[in-house]
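Have a look at my_file.csv; it's CSV, C-alpha atoms:
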```csv
chain,number,residue,atom,x,y,z
N,204,MET,CA,-79.7,4.1,-45.0
N,205,LYS,CA,-79.0,0.4,-45.7
N,206,SER,CA,-75.4,1.2,-46.7
N,207,PHE,CA,-74.9,3.0,-43.4
N,208,HIS,CA,-76.0,0.0,-41.4
N,209,ASN,CA,-73.8,-2.3,-43.5
N,210,GLU,CA,-70.8,-0.1,-42.9
N,211,ARG,CA,-71.5,0.0,-39.1
N,212,ASP,CA,-71.8,-3.8,-39.0
N,213,LYS,CA,-68.5,-4.2,-40.8
N,214,LYS,CA,-66.8,-2.0,-38.2
N,215,MET,CA,-68.3,-3.9,-35.3
N,216,GLN,CA,-67.1,-7.3,-36.8
N,217,LEU,CA,-63.6,-5.9,-37.4
N,218,HIS,CA,-63.6,-4.7,-33.8
N,219,LYS,CA,-64.5,-8.1,-32.5
N,220,ILE,CA,-61.8,-9.8,-34.7
N,221,VAL,CA,-59.2,-7.4,-33.2
N,222,ILE,CA,-60.3,-8.2,-29.6
N,223,ALA,CA,-60.3,-11.9,-30.3
N,224,GLY,CA,-56.8,-11.7,-31.7
N,225,ILE,CA,-55.5,-9.9,-28.7
N,226,LEU,CA,-57.0,-12.5,-26.4
N,227,ILE,CA,-55.5,-15.3,-28.3
N,228,CYS,CA,-52.0,-13.7,-28.1
N,229,VAL,CA,-52.4,-13.2,-24.3
N,230,LEU,CA,-53.5,-16.8,-23.7
N,231,SER,CA,-50.7,-18.1,-25.9
N,232,LEU,CA,-48.1,-16.1,-24.0
N,233,ALA,CA,-49.5,-17.3,-20.6
N,234,PHE,CA,-49.3,-20.9,-21.6
N,235,ALA,CA,-45.9,-20.5,-23.2
N,236,GLY,CA,-44.6,-19.0,-20.0
N,237,ASP,CA,-45.6,-21.9,-17.8
N,238,ASP,CA,-42.3,-23.6,-18.7
N,239,GLY,CA,-40.1,-20.5,-18.3
N,240,ASP,CA,-40.5,-17.2,-16.4
N,241,GLY,CA,-44.0,-18.1,-15.2
N,242,ALA,CA,-42.7,-21.1,-13.3
N,243,GLU,CA,-40.0,-19.0,-11.7
N,244,GLN,CA,-42.5,-16.3,-10.7
N,245,GLN,CA,-44.8,-18.9,-9.2
N,246,SER,CA,-42.0,-20.4,-7.2
N,247,ASP,CA,-41.1,-16.9,-5.8
N,248,VAL,CA,-44.7,-16.4,-4.7
N,249,ASP,CA,-44.7,-19.8,-3.0
N,250,TYR,CA,-41.4,-18.9,-1.3
N,251,TRP,CA,-42.8,-15.7,0.2
N,252,LEU,CA,-46.1,-17.4,1.2
N,253,ASN,CA,-44.2,-20.2,2.9
N,254,LYS,CA,-41.9,-17.8,4.6
N,255,ALA,CA,-44.8,-15.7,6.0
N,256,ALA,CA,-46.5,-18.9,7.2
N,257,THR,CA,-43.4,-20.1,9.0
N,258,GLN,CA,-42.4,-16.7,10.6
N,259,PRO,CA,-43.0,-16.6,14.4
N,260,ALA,CA,-45.8,-14.4,15.5
N,261,SER,CA,-44.6,-11.0,16.9
N,262,LYS,CA,-44.7,-10.8,20.6
N,263,SER,CA,-46.6,-8.0,22.2
N,264,LYS,CA,-45.1,-5.8,24.9
N,265,THR,CA,-45.8,-6.8,28.5
N,266,LYS,CA,-45.2,-5.2,31.8
N,267,THR,CA,-43.6,-8.4,33.1
N,268,PRO,CA,-40.8,-9.4,30.6
N,269,THR,CA,-40.3,-12.8,32.1
N,270,THR,CA,-43.7,-14.0,30.8
N,271,VAL,CA,-42.6,-13.9,27.2
N,272,PRO,CA,-42.2,-17.4,25.7
N,273,THR,CA,-38.6,-18.7,25.4
N,274,ASP,CA,-37.2,-18.0,21.9
N,275,SER,CA,-33.6,-16.8,22.5
N,276,GLY,CA,-31.7,-20.0,21.7
N,277,ASP,CA,-29.9,-19.6,25.0
N,278,GLY,CA,-32.7,-20.7,27.3
N,279,PHE,CA,-33.7,-17.1,28.2
N,280,SER,CA,-37.3,-16.2,28.4
N,281,ARG,CA,-36.7,-13.1,26.2
N,282,ASP,CA,-35.6,-13.6,22.6
N,283,ASP,CA,-33.8,-10.2,22.7
N,284,ALA,CA,-31.7,-11.1,25.8
N,285,ILE,CA,-27.9,-11.0,25.3
N,286,CYS,CA,-25.5,-13.0,27.3
N,287,GLY,CA,-23.6,-10.9,29.7
N,288,VAL,CA,-22.8,-9.8,33.3
N,289,VAL,CA,-24.2,-6.9,35.3
N,290,GLU,CA,-21.8,-5.7,38.0
N,291,LEU,CA,-23.2,-3.6,40.8
N,292,SER,CA,-21.3,-1.0,42.9
N,293,ASP,CA,-21.2,-3.4,45.9
N,294,ASP,CA,-19.1,-5.8,43.7
N,295,THR,CA,-22.1,-8.1,43.2
N,296,GLN,CA,-21.9,-9.8,39.8
N,297,LEU,CA,-24.9,-11.2,38.0
N,298,GLY,CA,-24.5,-13.5,35.0
N,299,GLY,CA,-27.3,-14.2,32.5
N,300,GLY,CA,-29.4,-12.7,29.8
N,301,VAL,CA,-29.4,-8.9,29.6
N,302,PHE,CA,-32.1,-6.9,28.0
N,303,THR,CA,-33.8,-3.5,28.0
N,304,THR,CA,-37.2,-2.3,26.8
N,305,ARG,CA,-38.2,-4.4,23.7
N,306,ASN,CA,-37.5,-2.9,20.3
N,307,LYS,CA,-35.9,0.2,21.9
N,308,PRO,CA,-32.3,1.3,21.3
N,309,TRP,CA,-30.1,2.9,24.0
N,310,ILE,CA,-30.8,6.7,23.8
N,311,VAL,CA,-27.8,8.8,24.7
N,312,TRP,CA,-27.4,12.6,24.8
N,313,VAL,CA,-23.9,13.5,23.8
N,314,ALA,CA,-23.3,17.1,24.9
N,315,SER,CA,-20.2,17.6,22.8
N,316,GLU,CA,-22.1,16.8,19.7
N,317,LYS,CA,-25.3,18.4,20.9
N,318,ARG,CA,-27.4,15.5,19.7
N,319,TRP,CA,-29.1,12.3,20.7
N,320,ARG,CA,-27.4,9.0,19.7
N,321,LEU,CA,-29.4,5.8,19.2
N,322,ILE,CA,-27.4,2.7,19.9
N,323,PRO,CA,-28.8,-0.8,19.1
N,324,PRO,CA,-28.3,-3.2,22.1
N,325,ALA,CA,-26.7,-5.8,19.8
N,326,ALA,CA,-23.9,-3.2,18.9
N,327,VAL,CA,-22.8,-2.8,22.5
N,328,LEU,CA,-19.8,-4.6,24.1
N,329,SER,CA,-20.0,-2.9,27.5
N,330,ILE,CA,-21.7,0.0,29.4
N,331,THR,CA,-19.7,1.7,32.2
N,332,ALA,CA,-21.1,4.1,34.8
N,333,VAL,CA,-19.1,7.4,34.9
N,334,VAL,CA,-19.9,9.1,38.3
N,335,VAL,CA,-19.8,12.9,37.5
N,336,GLU,CA,-20.8,13.9,41.0
N,337,GLU,CA,-21.6,12.3,44.3
N,338,LYS,CA,-22.2,13.8,47.7
N,339,LEU,CA,-24.3,13.8,50.8
N,340,GLU,CA,-27.0,16.4,50.1
N,341,LEU,CA,-28.5,18.5,52.9
N,342,GLN,CA,-32.1,18.0,53.5
N,343,TRP,CA,-34.1,21.2,53.7
N,344,ARG,CA,-37.8,21.9,54.5
N,345,TRP,CA,-40.0,25.0,54.5
N,346,LYS,CA,-39.8,26.9,57.8
N,347,ALA,CA,-43.5,27.2,58.0
N,348,THR,CA,-46.5,26.8,55.7
N,349,GLY,CA,-46.8,29.7,53.3
N,350,GLU,CA,-43.3,31.1,54.1
N,351,PRO,CA,-40.6,31.2,51.4
N,352,GLU,CA,-37.8,30.4,53.8
N,353,LYS,CA,-36.2,27.0,54.2
N,354,VAL,CA,-34.4,25.5,57.2
N,355,TYR,CA,-31.8,22.7,57.4
N,356,THR,CA,-33.3,19.6,59.1
N,357,GLY,CA,-29.9,18.3,60.2
N,358,GLU,CA,-30.3,15.2,58.0
N,359,ARG,CA,-28.5,14.3,54.7
N,360,TYR,CA,-29.2,11.9,51.9
N,361,PRO,CA,-26.8,10.5,49.2
N,362,PHE,CA,-26.9,11.9,45.7
N,363,ARG,CA,-25.1,11.0,42.4
N,364,ARG,CA,-25.0,12.2,38.8
N,365,PHE,CA,-24.0,9.9,36.0
N,366,GLU,CA,-22.9,9.7,32.4
N,367,TRP,CA,-22.7,6.3,30.7
N,368,LYS,CA,-19.8,5.2,28.5
N,369,PHE,CA,-20.8,2.7,25.7
N,370,HIS,CA,-18.1,0.6,24.2
N,371,LEU,CA,-19.3,-0.5,20.7
N,372,ALA,CA,-18.5,-3.5,18.6
N,373,ASP,CA,-16.4,-1.4,16.2
N,374,ASP,CA,-14.1,-0.5,19.1
N,375,THR,CA,-15.5,3.1,19.4
N,376,TYR,CA,-16.9,4.8,22.4
N,377,ILE,CA,-19.9,7.0,23.0
N,378,GLN,CA,-20.3,8.7,26.4
N,379,GLY,CA,-23.3,10.8,27.4
N,380,VAL,CA,-26.4,11.1,29.5
N,381,VAL,CA,-29.2,8.4,29.6
N,382,LYS,CA,-32.5,9.8,30.8
N,383,GLY,CA,-33.6,6.8,32.7
N,384,GLN,CA,-33.8,3.5,30.8
N,385,PRO,CA,-34.4,0.2,32.5
N,386,ILE,CA,-32.2,-2.9,32.2
N,387,TRP,CA,-33.0,-6.5,33.4
N,388,ILE,CA,-30.8,-9.5,33.7
N,389,GLU,CA,-32.2,-13.0,33.8
N,390,THR,CA,-30.2,-15.2,36.1
N,391,PRO,CA,-30.6,-19.0,36.6
N,392,ASP,CA,-32.9,-18.5,39.6
N,393,LYS,CA,-34.9,-15.3,38.6
N,394,THR,CA,-34.9,-12.1,36.6
N,395,ARG,CA,-33.3,-9.2,38.5
N,396,GLY,CA,-34.4,-5.6,37.9
N,397,PRO,CA,-35.4,-3.3,36.6
N,398,PHE,CA,-32.2,-1.4,37.3
N,399,VAL,CA,-32.2,2.1,35.8
N,400,LEU,CA,-29.5,3.8,33.8
N,401,GLY,CA,-30.3,7.4,34.5
N,402,GLU,CA,-28.8,10.8,34.8
N,403,ARG,CA,-29.1,11.1,38.6
N,404,THR,CA,-30.2,9.1,41.7
N,405,LYS,CA,-30.7,9.9,45.3
N,406,GLY,CA,-31.2,7.7,48.3
N,407,LYS,CA,-33.1,7.9,51.6
N,408,VAL,CA,-32.4,10.3,54.4
N,409,GLY,CA,-29.7,8.9,56.6
N,410,GLN,CA,-28.5,6.5,53.9
N,411,SER,CA,-24.8,6.4,53.1
N,412,LEU,CA,-23.3,6.7,49.6
N,413,GLN,CA,-21.9,3.2,49.9
N,414,ASN,CA,-25.4,1.8,50.5
N,415,LEU,CA,-26.9,3.6,47.5
N,416,ILE,CA,-26.3,0.7,45.0
N,417,TYR,CA,-26.1,1.4,41.3
N,418,ILE,CA,-25.0,-0.5,38.1
N,419,LYS,CA,-21.2,-0.1,37.9
N,420,LYS,CA,-20.7,-1.9,34.6
N,421,VAL,CA,-22.5,-4.1,32.1
N,422,VAL,CA,-20.4,-6.5,30.0
N,423,LEU,CA,-22.1,-8.2,27.1
N,424,SER,CA,-20.1,-11.4,26.6
N,425,ARG,CA,-21.0,-15.1,26.7
N,426,LYS,CA,-17.5,-15.9,27.9
N,427,MET,CA,-17.8,-13.5,30.9
N,428,MET,CA,-21.3,-14.8,31.7
N,429,GLU,CA,-20.0,-18.4,31.8
N,430,LYS,CA,-17.0,-17.4,33.9
N,431,VAL,CA,-19.2,-15.7,36.5
N,432,LYS,CA,-21.6,-18.6,36.6
N,433,GLN,CA,-18.8,-21.1,37.1
N,434,GLU,CA,-17.3,-18.9,39.9
N,435,GLN,CA,-20.7,-18.7,41.6
N,436,ALA,CA,-21.3,-22.4,41.3
N,437,ALA,CA,-17.9,-23.1,42.8
N,438,GLY,CA,-18.6,-20.8,45.6
N,439,THR,CA,-21.9,-22.5,46.3
N,440,ARG,CA,-20.3,-25.9,46.4
N,441,GLN,CA,-17.8,-24.6,48.9
```
Let's see the structure in the file written out as structure tokens.
Amino acid sequence: MKSFHNERDKKMQLHKIVIAGILICVLSLAFAGDDGDGAEQQSDVDYWLNKAATQPASKSKTKTPTTVPTDSGDGFSRDDAICGVVELSDDTQLGGGVFTTRNKPWIVWVASEKRWRLIPPAAVLSITAVVVEEKLELQWRWKATGEPEKVYTGERYPFRRFEWKFHLADDTYIQGVVKGQPIWIETPDKTRGPFVLGERTKGKVGQSLQNLIYIKKVVLSRKMMEKVKQEQAAGTRQ
């Protein structure tokens, strides 16, 4: 019985010696690494911690884009605004910061490819309206309550159908249907919009096609923006 206890005590002591040896090796490696890889690893940790601390806080979505703090570098209130010009169908040109819904690409249905294409705003040089159809539509109403027959009221309203042609930075083009996506432009005096890039639009009864204003073209270019601003400033002085 005594020999059994002695044997067990020897095994326990051996086990403790092995554990102590492992701990000594680990501590030795840790201290030895302070001058080499350990220092490099520590500097990497500090780098990412400092980077996280200096990153600007993400901005939440708001219903009024003009309330977002200035962070664009161009004096625009939206940090995702791109210098450009919005030209309307009545030949009005607006120069300033162009933007759409935050963190959302342009979503275009290309019928020939039978798929949706997602286009980052930063990849776009211009967007041009392609009028597929426009006409003065007849206005109809039900002849009487509960009757399936309609009668012409004698009135008309303007109607258009669109596709949108995107010119991209790699000099390629994508043309298709946009199912209603807003676009704003921040001019020196105020933010205009939202204008809507959509598949179709209709006006009021009695309104003419000419008076149903739509976005004719969007050009994303600092040079064009500055040119429009200079022309408008010169016109104001005159």
For stretch 418-420 of chain N, find every residue with an atom within 9 Å (counting all atoms listed in the file), except residues of its own chain fewer than 2 positions away, and show them as an mmCIF file with C-alpha atoms, keeping the file's coordinate frame.
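Contents of out_14.cif, as written:
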```cif
data_model
loop_
_atom_site.group_PDB
_atom_site.id
_atom_site.type_symbol
_atom_site.label_atom_id
_atom_site.label_comp_id
_atom_site.auth_asym_id
_atom_site.auth_seq_id
_atom_site.Cartn_x
_atom_site.Cartn_y
_atom_site.Cartn_z
ATOM 1 C CA VAL N 288 -22.800 -9.800 33.300
ATOM 2 C CA VAL N 289 -24.200 -6.900 35.300
ATOM 3 C CA GLU N 290 -21.800 -5.700 38.000
ATOM 4 C CA LEU N 291 -23.200 -3.600 40.800
ATOM 5 C CA SER N 292 -21.300 -1.000 42.900
ATOM 6 C CA ASP N 293 -21.200 -3.400 45.900
ATOM 7 C CA ASP N 294 -19.100 -5.800 43.700
ATOM 8 C CA SER N 329 -20.000 -2.900 27.500
ATOM 9 C CA ILE N 330 -21.700 0.000 29.400
ATOM 10 C CA THR N 331 -19.700 1.700 32.200
ATOM 11 C CA ALA N 332 -21.100 4.100 34.800
ATOM 12 C CA VAL N 333 -19.100 7.400 34.900
ATOM 13 C CA PHE N 398 -32.200 -1.400 37.300
ATOM 14 C CA VAL N 399 -32.200 2.100 35.800
ATOM 15 C CA LEU N 400 -29.500 3.800 33.800
ATOM 16 C CA ILE N 416 -26.300 0.700 45.000
ATOM 17 C CA VAL N 422 -20.400 -6.500 30.000
#
```
| message | Quick check, in Å to one decimal: how far apart do atom CA of N:Gly379 and atom CA of N:Arg364 lie? | response |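 Atom-to-atom, atom CA of N:Gly379 and atom CA of N:Arg364 are spaced 11.6 Å apart.
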| request: Rank nothing, just name the residue among N:Pro391, N:Ser280, N:Val335, N:Arg359 nearest to N:Ala436, using only C-alpha atoms. | output: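 Selected residue with least distance to N:Ala436: N:Pro391.
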| task | Taking (-22.6, -15.7, 38.3) in the file's own coordinates, collect the residues within 9 Å, counting all atoms listed in the file, and hand them back as a list in words. | result | Val288, Gln296, Leu297, Gly298, Gly299, Thr390, Pro391, Met428, Glu429, Lys430, Val431, Lys432, Gln433, Glu434, Gln435 and Ala436 of chain N
Would you output that residue set with C-alpha atoms, as a short mmCIF file (atom, residue, chain, number, x, y, z; two decimals), in the frame of the given file?
```cif
data_model
loop_
_atom_site.label_atom_id
_atom_site.label_comp_id
_atom_site.auth_asym_id
_atom_site.auth_seq_id
_atom_site.Cartn_x
_atom_site.Cartn_y
_atom_site.Cartn_z
CA VAL N 288 -22.80 -9.80 33.30
CA GLN N 296 -21.90 -9.80 39.80
CA LEU N 297 -24.90 -11.20 38.00
CA GLY N 298 -24.50 -13.50 35.00
CA GLY N 299 -27.30 -14.20 32.50
CA THR N 390 -30.20 -15.20 36.10
CA PRO N 391 -30.60 -19.00 36.60
CA MET N 428 -21.30 -14.80 31.70
CA GLU N 429 -20.00 -18.40 31.80
CA LYS N 430 -17.00 -17.40 33.90
CA VAL N 431 -19.20 -15.70 36.50
CA LYS N 432 -21.60 -18.60 36.60
CA GLN N 433 -18.80 -21.10 37.10
CA GLU N 434 -17.30 -18.90 39.90
CA GLN N 435 -20.70 -18.70 41.60
CA ALA N 436 -21.30 -22.40 41.30
#
```
Write out as JSON an axis-aligned box for stretch 370-382 of chain N: all of its atoms listed in the file, 6 Å added on each side, centre and edge lengths in Å with one decimal.
```
{"center_x": -23.3, "center_y": 3.8, "center_z": 23.5, "size_x": 30.4, "size_y": 26.6, "size_z": 26.6}
```
| query | Looking at N:Pro351, N:Pro397, N:Gly357, N:Gly300, which one is nearest to N:Leu339, with distances taken over all atoms listed in the file? | reply |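 With all atoms listed in the file as the atom set, the closest residue is N:Gly357.
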| request: Counting all atoms listed in the file, figure out which residue out of N:Thr394, N:Gln378, N:Thr404, N:Gln410 gets nearest to N:Glu316. | output: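 The answer is N:Gln378, which sits nearest to N:Glu316.
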| Shell of 8 Å around N:Glu336, only C-alpha atoms, local chain residues under 4 positions omitted, as a list of chain:residue names |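 So, after excluding close chain neighbours, the residues are N:Phe362, N:Arg363, N:Arg364, N:Phe365.
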| field | Among the residues N:Cys286, N:Ile386, N:Ala437, N:Val354, the one that comes closest to N:Lys307 [using all atoms listed in the file] | value |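 Checking each candidate against N:Lys307, we get N:Ile386 as the closest.
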| note | note - atom CA of N:Asp373 and atom CA of N:Ile322 are separated by 12.3 Å
| said: Which residue is closest to N:Arg318? Choose from N:Ile377, N:Leu415, N:Leu371, N:Ile285 and count all atoms listed in the file. | reply: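 Smallest distance to N:Arg318 is found for N:Ile377.
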| field | Nearest candidate to N:Gln342 (options N:Gly438, N:Lys405, N:Thr356, N:Gln384; using only C-alpha atoms) | value |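 Looking at the shortest contact to N:Gln342, the residue is N:Thr356.
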| query | When you draw a straight line from atom CA of N:Arg305 to atom CA of N:Lys317, how long is it in Å? | reply | 26.3 Å
Coordinates of stretch 347-391 of chain N, C-alpha atoms, as a PDB file, in the first residue's frame:
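The result, stored in out_37.pdb:
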```
ATOM      1  CA  ALA N 347     -72.458  55.533 -64.150  1.00  0.00           C
ATOM      2  CA  THR N 348     -71.846  53.902 -60.795  1.00  0.00           C
ATOM      3  CA  GLY N 349     -71.819  50.135 -61.110  1.00  0.00           C
ATOM      4  CA  GLU N 350     -71.763  50.146 -64.933  1.00  0.00           C
ATOM      5  CA  PRO N 351     -68.784  48.626 -66.836  1.00  0.00           C
ATOM      6  CA  GLU N 352     -68.981  51.201 -69.636  1.00  0.00           C
ATOM      7  CA  LYS N 353     -66.659  54.214 -69.863  1.00  0.00           C
ATOM      8  CA  VAL N 354     -67.224  57.488 -71.677  1.00  0.00           C
ATOM      9  CA  TYR N 355     -64.770  60.085 -72.966  1.00  0.00           C
ATOM     10  CA  THR N 356     -64.845  63.312 -70.957  1.00  0.00           C
ATOM     11  CA  GLY N 357     -63.516  65.474 -73.789  1.00  0.00           C
ATOM     12  CA  GLU N 358     -60.332  66.184 -71.771  1.00  0.00           C
ATOM     13  CA  ARG N 359     -56.775  65.015 -72.296  1.00  0.00           C
ATOM     14  CA  TYR N 360     -53.609  64.803 -70.219  1.00  0.00           C
ATOM     15  CA  PRO N 361     -49.927  64.421 -71.208  1.00  0.00           C
ATOM     16  CA  PHE N 362     -48.259  61.027 -70.903  1.00  0.00           C
ATOM     17  CA  ARG N 363     -44.679  59.800 -71.455  1.00  0.00           C
ATOM     18  CA  ARG N 364     -42.759  56.548 -71.186  1.00  0.00           C
ATOM     19  CA  PHE N 365     -39.001  56.538 -70.637  1.00  0.00           C
ATOM     20  CA  GLU N 366     -35.870  54.488 -70.744  1.00  0.00           C
ATOM     21  CA  TRP N 367     -32.626  55.867 -69.313  1.00  0.00           C
ATOM     22  CA  LYS N 368     -29.230  55.696 -70.982  1.00  0.00           C
ATOM     23  CA  PHE N 369     -26.241  55.553 -68.617  1.00  0.00           C
ATOM     24  CA  HIS N 370     -22.804  56.491 -69.935  1.00  0.00           C
ATOM     25  CA  LEU N 371     -20.208  54.863 -67.679  1.00  0.00           C
ATOM     26  CA  ALA N 372     -16.634  55.788 -66.809  1.00  0.00           C
ATOM     27  CA  ASP N 373     -15.248  52.909 -68.927  1.00  0.00           C
ATOM     28  CA  ASP N 374     -17.011  54.464 -71.970  1.00  0.00           C
ATOM     29  CA  THR N 375     -19.714  51.793 -72.124  1.00  0.00           C
ATOM     30  CA  TYR N 376     -23.464  52.370 -72.110  1.00  0.00           C
ATOM     31  CA  ILE N 377     -26.355  50.732 -70.312  1.00  0.00           C
ATOM     32  CA  GLN N 378     -29.908  51.564 -71.349  1.00  0.00           C
ATOM     33  CA  GLY N 379     -33.046  50.344 -69.658  1.00  0.00           C
ATOM     34  CA  VAL N 380     -35.981  51.057 -67.384  1.00  0.00           C
ATOM     35  CA  VAL N 381     -35.612  52.706 -63.971  1.00  0.00           C
ATOM     36  CA  LYS N 382     -38.617  51.995 -61.781  1.00  0.00           C
ATOM     37  CA  GLY N 383     -38.759  55.356 -60.031  1.00  0.00           C
ATOM     38  CA  GLN N 384     -35.568  56.496 -58.291  1.00  0.00           C
ATOM     39  CA  PRO N 385     -35.155  60.014 -56.864  1.00  0.00           C
ATOM     40  CA  ILE N 386     -32.385  62.437 -57.649  1.00  0.00           C
ATOM     41  CA  TRP N 387     -31.537  65.756 -55.973  1.00  0.00           C
ATOM     42  CA  ILE N 388     -29.149  68.539 -56.862  1.00  0.00           C
ATOM     43  CA  GLU N 389     -27.776  70.952 -54.307  1.00  0.00           C
ATOM     44  CA  THR N 390     -27.377  74.374 -55.924  1.00  0.00           C
ATOM     45  CA  PRO N 391     -25.798  77.417 -54.233  1.00  0.00           C
TER      46      PRO N 391
END
```
